[in-house]
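These notes concern the structure reproduced below.
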Amino acid sequence: MSVEYTKAELDEFRDLVEACESLHQMERIRGRAAMPAFVERVGKDKCDAMFQVLLREIGRTTKEQP
């Protein structure tokens, strides 16, 4: 069974992931503070599926470090 999500959800998720990885401390804090509410709102299954999309975009297929 595939998990469906909207483009807006994927865009918001991408923004939060990028914020969590920012070089700027306040941006990282913003991302990390907002992520739990986002996961609660859309669900962990959707977030896992969207994370796989982001990994494919950068040419990786797992969460493991290269």
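Every chain in the structure tokens has a letter given in the order shown (A, B, ...), and although residue numbers restart at 1 in each chain, ligands are simply numbered from 1 in the order shown.
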
A:Tyr5: which residues within 9 Å, counting only C-alpha atoms, same-chain residues fewer than 5 positions away excluded, as a VMD selection string?
-> chain A and resid 10 42 46 to 47 49 to 50

So which residues of stretch 1-60 of chain A fall under helix (DSSP H, G or I) by DSSP, listed as a PyMOL selection string?
-> chain A and resi 7-20+25-42+44-57

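Relative to atom CA of A:Ala8, atom CA of A:Gly31 is found at 16.5 Å.
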